[in-house]
$ cat my_file-v4.txt   # compact mmCIF, N, CA and C atoms
# COMPACT_ATOMS: atom_id res chain seq x y z
N MET A 1 -49.02 22.87 -59.28
CA MET A 1 -48.08 21.84 -59.61
C MET A 1 -46.68 22.44 -59.63
N ASN A 2 -45.79 21.89 -58.86
CA ASN A 2 -44.40 22.37 -58.80
C ASN A 2 -43.53 21.55 -59.75
N PRO A 3 -42.90 22.23 -60.71
CA PRO A 3 -42.00 21.47 -61.59
C PRO A 3 -40.75 21.08 -60.81
N THR A 4 -40.29 19.90 -61.05
CA THR A 4 -39.07 19.43 -60.39
C THR A 4 -38.08 19.00 -61.45
N LEU A 5 -36.82 19.11 -61.11
CA LEU A 5 -35.77 18.67 -62.00
C LEU A 5 -35.56 17.17 -61.85
N PRO A 6 -35.24 16.51 -62.93
CA PRO A 6 -34.93 15.09 -62.78
C PRO A 6 -33.70 14.91 -61.90
N ALA A 7 -33.58 13.76 -61.29
CA ALA A 7 -32.48 13.50 -60.37
C ALA A 7 -31.12 13.59 -61.06
N SER A 8 -31.07 13.38 -62.36
CA SER A 8 -29.79 13.38 -63.07
C SER A 8 -29.41 14.76 -63.62
N ALA A 9 -30.20 15.79 -63.33
CA ALA A 9 -29.90 17.12 -63.86
C ALA A 9 -28.63 17.66 -63.22
N PRO A 10 -27.75 18.25 -64.04
CA PRO A 10 -26.52 18.82 -63.47
C PRO A 10 -26.84 20.05 -62.64
N PRO A 11 -26.01 20.36 -61.66
CA PRO A 11 -26.27 21.54 -60.84
C PRO A 11 -26.14 22.81 -61.68
N HIS A 12 -26.88 23.81 -61.33
CA HIS A 12 -26.86 25.09 -62.03
C HIS A 12 -25.53 25.79 -61.75
N ARG A 13 -24.91 26.32 -62.80
CA ARG A 13 -23.64 27.02 -62.64
C ARG A 13 -23.91 28.51 -62.57
N ARG A 14 -23.24 29.20 -61.65
CA ARG A 14 -23.42 30.63 -61.48
C ARG A 14 -22.89 31.36 -62.71
N VAL A 15 -23.40 32.56 -62.93
CA VAL A 15 -23.02 33.33 -64.09
C VAL A 15 -21.55 33.72 -64.05
N LEU A 16 -21.04 34.15 -62.92
CA LEU A 16 -19.65 34.58 -62.81
C LEU A 16 -18.94 33.84 -61.67
N PRO A 17 -18.70 32.55 -61.82
CA PRO A 17 -18.06 31.83 -60.72
C PRO A 17 -16.65 32.33 -60.44
N LEU A 18 -15.95 32.84 -61.44
CA LEU A 18 -14.60 33.34 -61.19
C LEU A 18 -14.60 34.55 -60.28
N ALA A 19 -15.69 35.31 -60.30
CA ALA A 19 -15.78 36.49 -59.45
C ALA A 19 -15.94 36.08 -57.99
N LEU A 20 -16.40 34.86 -57.76
CA LEU A 20 -16.70 34.43 -56.41
C LEU A 20 -15.64 33.51 -55.82
N ALA A 21 -15.00 32.73 -56.65
CA ALA A 21 -14.01 31.78 -56.16
C ALA A 21 -12.95 31.55 -57.22
N GLY A 22 -11.79 31.17 -56.80
CA GLY A 22 -10.70 30.89 -57.73
C GLY A 22 -10.98 29.63 -58.52
N ALA A 23 -10.28 29.48 -59.62
CA ALA A 23 -10.43 28.30 -60.47
C ALA A 23 -9.37 27.27 -60.11
N ALA A 24 -9.76 26.03 -60.19
CA ALA A 24 -8.79 24.96 -59.97
C ALA A 24 -7.82 24.93 -61.15
N GLU A 25 -6.59 24.55 -60.87
CA GLU A 25 -5.61 24.48 -61.95
C GLU A 25 -6.08 23.48 -62.99
N GLY A 26 -6.03 23.88 -64.25
CA GLY A 26 -6.45 23.01 -65.32
C GLY A 26 -7.92 23.11 -65.66
N ASP A 27 -8.65 24.01 -65.04
CA ASP A 27 -10.08 24.16 -65.30
C ASP A 27 -10.28 24.95 -66.59
N LEU A 28 -10.55 24.23 -67.69
CA LEU A 28 -10.71 24.89 -68.99
C LEU A 28 -11.93 25.80 -69.03
N ALA A 29 -13.00 25.42 -68.34
CA ALA A 29 -14.19 26.27 -68.33
C ALA A 29 -13.86 27.63 -67.71
N ALA A 30 -13.12 27.62 -66.63
CA ALA A 30 -12.73 28.88 -65.99
C ALA A 30 -11.78 29.66 -66.88
N TYR A 31 -10.87 28.96 -67.56
CA TYR A 31 -9.93 29.63 -68.46
C TYR A 31 -10.68 30.37 -69.56
N PHE A 32 -11.61 29.69 -70.23
CA PHE A 32 -12.34 30.33 -71.32
C PHE A 32 -13.32 31.38 -70.80
N GLU A 33 -13.81 31.18 -69.60
CA GLU A 33 -14.68 32.19 -69.02
C GLU A 33 -13.90 33.48 -68.77
N GLY A 34 -12.64 33.34 -68.39
CA GLY A 34 -11.79 34.51 -68.22
C GLY A 34 -11.60 35.29 -69.51
N LEU A 35 -11.64 34.60 -70.63
CA LEU A 35 -11.48 35.25 -71.93
C LEU A 35 -12.80 35.64 -72.57
N ALA A 36 -13.91 35.31 -71.94
CA ALA A 36 -15.23 35.49 -72.55
C ALA A 36 -15.79 36.89 -72.36
N ASN A 37 -14.96 37.88 -72.61
CA ASN A 37 -15.40 39.26 -72.49
C ASN A 37 -14.51 40.11 -73.40
N PRO A 38 -15.11 40.97 -74.22
CA PRO A 38 -14.29 41.76 -75.15
C PRO A 38 -13.26 42.64 -74.45
N THR A 39 -13.58 43.18 -73.29
CA THR A 39 -12.62 44.02 -72.58
C THR A 39 -11.43 43.20 -72.10
N ARG A 40 -11.70 42.01 -71.57
CA ARG A 40 -10.60 41.16 -71.12
C ARG A 40 -9.75 40.70 -72.29
N LEU A 41 -10.36 40.45 -73.42
CA LEU A 41 -9.58 40.09 -74.60
C LEU A 41 -8.69 41.24 -75.04
N ARG A 42 -9.19 42.47 -74.95
CA ARG A 42 -8.37 43.64 -75.30
C ARG A 42 -7.20 43.78 -74.33
N ILE A 43 -7.44 43.51 -73.05
CA ILE A 43 -6.36 43.57 -72.05
C ILE A 43 -5.30 42.54 -72.40
N VAL A 44 -5.71 41.32 -72.70
CA VAL A 44 -4.77 40.25 -73.05
C VAL A 44 -4.00 40.63 -74.32
N GLN A 45 -4.71 41.17 -75.30
CA GLN A 45 -4.08 41.55 -76.56
C GLN A 45 -3.00 42.61 -76.31
N ARG A 46 -3.28 43.60 -75.49
CA ARG A 46 -2.29 44.65 -75.21
C ARG A 46 -1.12 44.12 -74.39
N LEU A 47 -1.41 43.24 -73.43
CA LEU A 47 -0.32 42.68 -72.63
C LEU A 47 0.58 41.76 -73.45
N ALA A 48 0.04 41.20 -74.53
CA ALA A 48 0.85 40.35 -75.40
C ALA A 48 1.93 41.16 -76.12
N GLU A 49 1.74 42.47 -76.21
CA GLU A 49 2.69 43.33 -76.91
C GLU A 49 3.91 43.69 -76.06
N VAL A 50 3.81 43.55 -74.75
CA VAL A 50 4.91 43.93 -73.86
C VAL A 50 5.16 42.82 -72.84
N LYS A 51 6.31 42.86 -72.23
CA LYS A 51 6.63 41.87 -71.20
C LYS A 51 5.81 42.11 -69.94
N GLU A 52 5.71 43.36 -69.54
CA GLU A 52 5.02 43.74 -68.30
C GLU A 52 4.56 45.18 -68.44
N ALA A 53 3.45 45.52 -67.80
CA ALA A 53 2.94 46.89 -67.89
C ALA A 53 2.29 47.29 -66.58
N ARG A 54 2.29 48.59 -66.31
CA ARG A 54 1.56 49.11 -65.14
C ARG A 54 0.07 48.98 -65.41
N VAL A 55 -0.65 48.57 -64.39
CA VAL A 55 -2.09 48.42 -64.52
C VAL A 55 -2.72 49.77 -64.90
N SER A 56 -2.23 50.85 -64.30
CA SER A 56 -2.79 52.17 -64.59
C SER A 56 -2.56 52.55 -66.06
N ASP A 57 -1.43 52.15 -66.65
CA ASP A 57 -1.16 52.43 -68.06
C ASP A 57 -2.12 51.67 -68.97
N VAL A 58 -2.35 50.40 -68.65
CA VAL A 58 -3.27 49.59 -69.47
C VAL A 58 -4.68 50.16 -69.38
N ALA A 59 -5.10 50.54 -68.18
CA ALA A 59 -6.44 51.11 -67.99
C ALA A 59 -6.59 52.40 -68.79
N LEU A 60 -5.59 53.25 -68.73
CA LEU A 60 -5.63 54.52 -69.47
C LEU A 60 -5.65 54.27 -70.97
N LEU A 61 -4.81 53.37 -71.43
CA LEU A 61 -4.71 53.06 -72.85
C LEU A 61 -6.02 52.53 -73.41
N LEU A 62 -6.71 51.68 -72.64
CA LEU A 62 -7.94 51.07 -73.11
C LEU A 62 -9.19 51.86 -72.74
N GLY A 63 -9.01 52.95 -72.00
CA GLY A 63 -10.17 53.76 -71.61
C GLY A 63 -11.06 53.07 -70.59
N ILE A 64 -10.45 52.38 -69.65
CA ILE A 64 -11.18 51.64 -68.62
C ILE A 64 -10.93 52.32 -67.28
N SER A 65 -11.96 52.47 -66.48
CA SER A 65 -11.77 53.06 -65.15
C SER A 65 -10.92 52.12 -64.30
N GLN A 66 -10.25 52.67 -63.30
CA GLN A 66 -9.39 51.85 -62.45
C GLN A 66 -10.17 50.75 -61.72
N PRO A 67 -11.36 51.02 -61.16
CA PRO A 67 -12.10 49.93 -60.51
C PRO A 67 -12.51 48.83 -61.49
N ARG A 68 -12.90 49.21 -62.70
CA ARG A 68 -13.30 48.21 -63.69
C ARG A 68 -12.08 47.40 -64.14
N MET A 69 -10.94 48.06 -64.28
CA MET A 69 -9.71 47.37 -64.65
C MET A 69 -9.33 46.35 -63.58
N SER A 70 -9.45 46.73 -62.31
CA SER A 70 -9.16 45.80 -61.21
C SER A 70 -10.09 44.59 -61.26
N TRP A 71 -11.35 44.82 -61.57
CA TRP A 71 -12.33 43.74 -61.68
C TRP A 71 -11.91 42.75 -62.77
N HIS A 72 -11.59 43.26 -63.95
CA HIS A 72 -11.21 42.40 -65.05
C HIS A 72 -9.90 41.66 -64.76
N LEU A 73 -8.95 42.35 -64.15
CA LEU A 73 -7.68 41.70 -63.81
C LEU A 73 -7.88 40.60 -62.78
N ARG A 74 -8.79 40.80 -61.85
CA ARG A 74 -9.06 39.76 -60.86
C ARG A 74 -9.57 38.50 -61.55
N LEU A 75 -10.47 38.67 -62.52
CA LEU A 75 -10.99 37.50 -63.23
C LEU A 75 -9.90 36.84 -64.07
N LEU A 76 -9.05 37.66 -64.70
CA LEU A 76 -7.95 37.11 -65.49
C LEU A 76 -6.92 36.39 -64.61
N ARG A 77 -6.68 36.92 -63.41
CA ARG A 77 -5.77 36.25 -62.48
C ARG A 77 -6.34 34.91 -62.03
N ARG A 78 -7.60 34.89 -61.69
CA ARG A 78 -8.23 33.66 -61.21
C ARG A 78 -8.33 32.60 -62.30
N ALA A 79 -8.36 33.04 -63.56
CA ALA A 79 -8.37 32.11 -64.68
C ALA A 79 -6.94 31.70 -65.07
N ARG A 80 -5.96 32.23 -64.35
CA ARG A 80 -4.54 31.96 -64.58
C ARG A 80 -4.09 32.40 -65.98
N ILE A 81 -4.55 33.58 -66.38
CA ILE A 81 -4.16 34.17 -67.65
C ILE A 81 -3.18 35.31 -67.42
N VAL A 82 -3.32 36.00 -66.30
CA VAL A 82 -2.49 37.16 -65.98
C VAL A 82 -1.94 36.99 -64.57
N THR A 83 -0.74 37.48 -64.36
CA THR A 83 -0.19 37.58 -63.01
C THR A 83 0.07 39.05 -62.71
N THR A 84 0.03 39.42 -61.44
CA THR A 84 0.30 40.79 -61.04
C THR A 84 1.31 40.79 -59.91
N LYS A 85 2.00 41.93 -59.79
CA LYS A 85 2.91 42.12 -58.65
C LYS A 85 2.84 43.58 -58.25
N ARG A 86 3.02 43.82 -56.98
CA ARG A 86 2.97 45.17 -56.44
C ARG A 86 4.38 45.61 -56.10
N GLU A 87 4.71 46.83 -56.50
CA GLU A 87 5.97 47.47 -56.13
C GLU A 87 5.63 48.86 -55.60
N GLY A 88 5.61 48.97 -54.29
CA GLY A 88 5.19 50.23 -53.68
C GLY A 88 3.73 50.48 -53.97
N ARG A 89 3.45 51.62 -54.59
CA ARG A 89 2.06 51.97 -54.93
C ARG A 89 1.66 51.50 -56.31
N GLU A 90 2.61 51.03 -57.09
CA GLU A 90 2.34 50.59 -58.46
C GLU A 90 2.04 49.09 -58.51
N VAL A 91 1.11 48.71 -59.38
CA VAL A 91 0.81 47.30 -59.63
C VAL A 91 1.15 47.03 -61.09
N PHE A 92 1.92 45.99 -61.32
CA PHE A 92 2.33 45.61 -62.66
C PHE A 92 1.64 44.29 -63.02
N CYS A 93 1.31 44.13 -64.30
CA CYS A 93 0.68 42.90 -64.75
C CYS A 93 1.41 42.37 -65.98
N ARG A 94 1.30 41.06 -66.16
CA ARG A 94 1.88 40.41 -67.33
C ARG A 94 1.08 39.16 -67.61
N LEU A 95 1.19 38.67 -68.85
CA LEU A 95 0.53 37.42 -69.20
C LEU A 95 1.26 36.26 -68.53
N ASP A 96 0.51 35.30 -68.06
CA ASP A 96 1.08 34.06 -67.52
C ASP A 96 1.19 33.10 -68.71
N ARG A 97 2.22 33.29 -69.50
CA ARG A 97 2.37 32.57 -70.77
C ARG A 97 2.46 31.05 -70.57
N GLU A 98 3.09 30.59 -69.51
CA GLU A 98 3.18 29.14 -69.26
C GLU A 98 1.81 28.55 -69.00
N SER A 99 1.01 29.23 -68.19
CA SER A 99 -0.33 28.75 -67.89
C SER A 99 -1.23 28.79 -69.14
N ILE A 100 -1.08 29.84 -69.93
CA ILE A 100 -1.86 29.96 -71.17
C ILE A 100 -1.50 28.80 -72.10
N GLN A 101 -0.21 28.53 -72.24
CA GLN A 101 0.23 27.43 -73.10
C GLN A 101 -0.29 26.09 -72.59
N ALA A 102 -0.26 25.89 -71.28
CA ALA A 102 -0.76 24.63 -70.71
C ALA A 102 -2.26 24.48 -70.98
N SER A 103 -3.03 25.57 -70.83
CA SER A 103 -4.47 25.51 -71.10
C SER A 103 -4.73 25.26 -72.58
N PHE A 104 -3.93 25.88 -73.43
CA PHE A 104 -4.08 25.66 -74.86
C PHE A 104 -3.82 24.20 -75.21
N MET A 105 -2.80 23.62 -74.61
CA MET A 105 -2.48 22.22 -74.89
C MET A 105 -3.59 21.29 -74.38
N ARG A 106 -4.14 21.59 -73.19
CA ARG A 106 -5.25 20.78 -72.67
C ARG A 106 -6.45 20.86 -73.61
N PHE A 107 -6.73 22.06 -74.12
CA PHE A 107 -7.86 22.22 -75.03
C PHE A 107 -7.58 21.49 -76.35
N SER A 108 -6.36 21.58 -76.85
CA SER A 108 -6.00 20.89 -78.09
C SER A 108 -6.20 19.39 -77.96
N ARG A 109 -5.79 18.83 -76.82
CA ARG A 109 -5.99 17.40 -76.60
C ARG A 109 -7.47 17.06 -76.50
N LEU A 110 -8.25 17.96 -75.92
CA LEU A 110 -9.68 17.73 -75.76
C LEU A 110 -10.39 17.63 -77.11
N VAL A 111 -10.01 18.48 -78.05
CA VAL A 111 -10.71 18.53 -79.34
C VAL A 111 -9.98 17.76 -80.43
N GLU A 112 -8.89 17.12 -80.08
CA GLU A 112 -8.13 16.36 -81.06
C GLU A 112 -9.00 15.26 -81.64
N GLU A 113 -9.03 15.21 -82.96
CA GLU A 113 -9.84 14.21 -83.64
C GLU A 113 -9.05 12.92 -83.76
N VAL A 114 -9.68 11.84 -83.38
CA VAL A 114 -9.07 10.54 -83.52
C VAL A 114 -9.62 9.92 -84.80
N PRO A 115 -8.76 9.70 -85.81
CA PRO A 115 -9.26 9.16 -87.07
C PRO A 115 -9.78 7.73 -86.89
N GLY A 116 -10.89 7.47 -87.55
CA GLY A 116 -11.46 6.12 -87.52
C GLY A 116 -10.72 5.22 -88.49
N PRO A 117 -11.01 3.93 -88.46
CA PRO A 117 -10.29 3.00 -89.33
C PRO A 117 -10.56 3.23 -90.82
N ASP A 118 -11.72 3.80 -91.17
CA ASP A 118 -12.07 4.00 -92.57
C ASP A 118 -11.86 5.43 -93.04
N SER A 119 -11.34 6.31 -92.18
CA SER A 119 -11.21 7.71 -92.56
C SER A 119 -9.88 7.97 -93.23
N ASP A 120 -9.88 8.97 -94.09
CA ASP A 120 -8.66 9.40 -94.78
C ASP A 120 -8.04 10.50 -93.94
N PRO A 121 -6.83 10.32 -93.39
CA PRO A 121 -6.23 11.34 -92.52
C PRO A 121 -5.93 12.64 -93.24
N ARG A 122 -5.89 12.62 -94.58
CA ARG A 122 -5.62 13.85 -95.33
C ARG A 122 -6.89 14.64 -95.58
N ALA A 123 -8.06 14.04 -95.40
CA ALA A 123 -9.31 14.75 -95.63
C ALA A 123 -9.54 15.73 -94.50
N GLY A 124 -10.15 16.85 -94.82
CA GLY A 124 -10.41 17.85 -93.79
C GLY A 124 -11.14 19.03 -94.36
N THR A 125 -11.06 20.13 -93.64
CA THR A 125 -11.78 21.32 -94.04
C THR A 125 -10.97 22.21 -94.96
N GLY A 126 -9.70 21.88 -95.16
CA GLY A 126 -8.86 22.74 -95.98
C GLY A 126 -8.06 23.72 -95.14
N LEU A 127 -8.41 23.86 -93.87
CA LEU A 127 -7.67 24.73 -92.96
C LEU A 127 -6.86 23.88 -92.01
N GLU A 128 -5.61 24.16 -91.90
CA GLU A 128 -4.78 23.50 -90.91
C GLU A 128 -5.06 24.12 -89.56
N SER A 129 -4.88 23.38 -88.48
CA SER A 129 -5.14 23.93 -87.15
C SER A 129 -4.27 25.14 -86.88
N ASN A 130 -3.03 25.16 -87.39
CA ASN A 130 -2.17 26.31 -87.18
C ASN A 130 -2.69 27.55 -87.89
N ASP A 131 -3.40 27.37 -89.01
CA ASP A 131 -3.97 28.51 -89.72
C ASP A 131 -4.99 29.24 -88.85
N ILE A 132 -5.78 28.49 -88.12
CA ILE A 132 -6.80 29.09 -87.27
C ILE A 132 -6.16 29.75 -86.06
N VAL A 133 -5.21 29.08 -85.43
CA VAL A 133 -4.57 29.59 -84.23
C VAL A 133 -3.75 30.84 -84.52
N ASN A 134 -3.12 30.90 -85.68
CA ASN A 134 -2.22 32.00 -85.99
C ASN A 134 -2.91 33.20 -86.62
N GLN A 135 -4.23 33.19 -86.75
CA GLN A 135 -4.91 34.35 -87.30
C GLN A 135 -4.79 35.50 -86.31
N PRO A 136 -4.39 36.70 -86.78
CA PRO A 136 -4.24 37.82 -85.85
C PRO A 136 -5.59 38.33 -85.36
N LEU A 137 -5.58 38.88 -84.15
CA LEU A 137 -6.78 39.54 -83.64
C LEU A 137 -6.99 40.81 -84.42
N SER A 138 -8.24 41.15 -84.68
CA SER A 138 -8.50 42.38 -85.42
C SER A 138 -8.30 43.57 -84.50
N HIS A 139 -7.76 44.63 -85.04
CA HIS A 139 -7.53 45.85 -84.29
C HIS A 139 -8.63 46.84 -84.64
N THR A 140 -9.20 47.46 -83.63
CA THR A 140 -10.22 48.47 -83.86
C THR A 140 -9.74 49.79 -83.31
N GLY A 141 -10.11 50.85 -83.96
CA GLY A 141 -9.75 52.18 -83.48
C GLY A 141 -8.31 52.51 -83.75
N ALA A 142 -7.86 53.60 -83.18
CA ALA A 142 -6.49 54.06 -83.37
C ALA A 142 -5.52 53.12 -82.65
N GLU A 143 -4.40 52.90 -83.27
CA GLU A 143 -3.37 52.05 -82.67
C GLU A 143 -2.59 52.84 -81.63
N ARG A 144 -2.50 52.28 -80.44
CA ARG A 144 -1.69 52.84 -79.38
C ARG A 144 -0.84 51.71 -78.84
N SER A 145 0.19 52.02 -78.12
CA SER A 145 1.00 50.96 -77.56
C SER A 145 1.36 51.29 -76.12
N LEU A 146 1.68 50.22 -75.38
CA LEU A 146 2.06 50.35 -73.99
C LEU A 146 3.54 50.60 -73.88
N PRO A 147 3.95 51.36 -72.88
CA PRO A 147 5.40 51.51 -72.67
C PRO A 147 5.96 50.21 -72.09
N GLU A 148 7.12 49.84 -72.53
CA GLU A 148 7.80 48.64 -72.02
C GLU A 148 8.35 48.95 -70.64
N VAL A 149 8.08 48.07 -69.68
CA VAL A 149 8.61 48.25 -68.33
C VAL A 149 9.95 47.54 -68.26
N VAL A 150 10.95 48.27 -67.91
CA VAL A 150 12.29 47.70 -67.79
C VAL A 150 12.61 47.58 -66.32
N GLY A 151 13.02 46.43 -65.90
CA GLY A 151 13.32 46.33 -64.49
C GLY A 151 13.81 45.06 -64.08
$ encode --input "my_file-v4.txt" --output "structure tokens"
Amino acid sequence: MNPTLPASAPPHRRVLPLALAGAAEGDLAAYFEGLANPTRLRIVQRLAEVKEARVSDVALLLGISQPRMSWHLRLLRRARIVTTKREGREVFCRLDRESIQASFMRFSRLVEEVPGPDSDPRAGTGLESNDIVNQPLSHTGAERSLPEVVG
């Protein structure tokens, strides 16, 4: 007996679609998938500290091999979280802050609660949304910093 999927079953999603194809603008699933890795989160956290950094400096700082760093940056670029530029033999990366803000706003609208007619708008969990968003990322290990690229 061969099991079959019902006709209404959604198509199976690949494990790493960003590795295979770019994300459409505004694709929140791709955006969060780009952030769904501790190494990529560390890259984003370090890039948040500076305007722009050499890819080789970020890789060295985080203890990531150059090929692995390129892999993670490719996923972050396709998720529209990071942009890169080449100057000669050097590659520089920076956060795409406008795209990050746009994705954050799309997500905020997605999860925005619409109060019902009988609900008290002051009732809640005791945490304001800004309290959750503004919580700092935890730092592990020794603190190091990236050199600021001036140019």
$ residues_around --input "my_file-v4.txt" --residues "region 91-95 of chain A" --least-positions-apart "3" --cutoff "7 Å" --atoms "only N, CA and C atoms" --output "PyMOL selection string"
chain A and resi 47-48+50-56+81-88+98+100
$ atom_distance --input "my_file-v4.txt" --atom1 "atom N of Leu60 (chain A)" --atom2 "atom N of Asn37 (chain A)"
18.4 Å
$ atom_distance --input "my_file-v4.txt" --atom1 "CA of Phe107 (chain A)" --atom2 "CA of Glu49 (chain A)"
23.7 Å
$ select_by_dssp --input "my_file-v4.txt" --residues "region 68-120 of chain A" --states "alpha helix (DSSP H)" --output "PyMOL selection string"
chain A and resi 68-78+97-111
$ atom_distance --input "my_file-v4.txt" --atom1 "atom C of Leu75 (chain A)" --atom2 "atom C of Gly34 (chain A)"
5.9 Å
$ decode --input "my_file-v4.txt" --residues "region 24-53 of chain A" --atoms "C-alpha atoms" --output "short mmCIF file (atom, residue, chain, number, x, y, z; two decimals), in the first residue's frame"
data_model
loop_
_atom_site.label_atom_id
_atom_site.label_comp_id
_atom_site.auth_asym_id
_atom_site.auth_seq_id
_atom_site.Cartn_x
_atom_site.Cartn_y
_atom_site.Cartn_z
CA ALA A 24 11.81 37.47 -3.16
CA GLU A 25 11.71 40.95 -1.68
CA GLY A 26 9.49 40.93 1.38
CA ASP A 27 9.78 37.18 1.98
CA LEU A 28 9.65 36.97 5.79
CA ALA A 29 10.31 33.23 5.81
CA ALA A 30 13.56 33.77 3.93
CA TYR A 31 14.46 36.70 6.20
CA PHE A 32 14.06 34.66 9.38
CA GLU A 33 15.73 31.67 7.79
CA GLY A 34 18.75 33.89 7.19
CA LEU A 35 18.84 34.59 10.92
CA ALA A 36 18.11 31.01 11.98
CA ASN A 37 21.70 30.08 12.73
CA PRO A 38 23.85 31.05 15.73
CA THR A 39 26.86 31.83 13.54
CA ARG A 40 24.85 34.14 11.29
CA LEU A 41 23.41 35.86 14.35
CA ARG A 42 26.96 36.43 15.64
CA ILE A 43 27.94 37.90 12.26
CA VAL A 44 24.95 40.26 12.36
CA GLN A 45 25.70 41.19 15.97
CA ARG A 46 29.31 42.10 15.13
CA LEU A 47 28.35 44.02 11.99
CA ALA A 48 25.88 46.03 14.07
CA GLU A 49 28.87 47.43 15.97
CA VAL A 50 30.51 49.01 12.90
CA LYS A 51 29.41 50.69 9.69
CA GLU A 52 31.37 48.33 7.45
CA ALA A 53 33.99 45.62 7.93
#
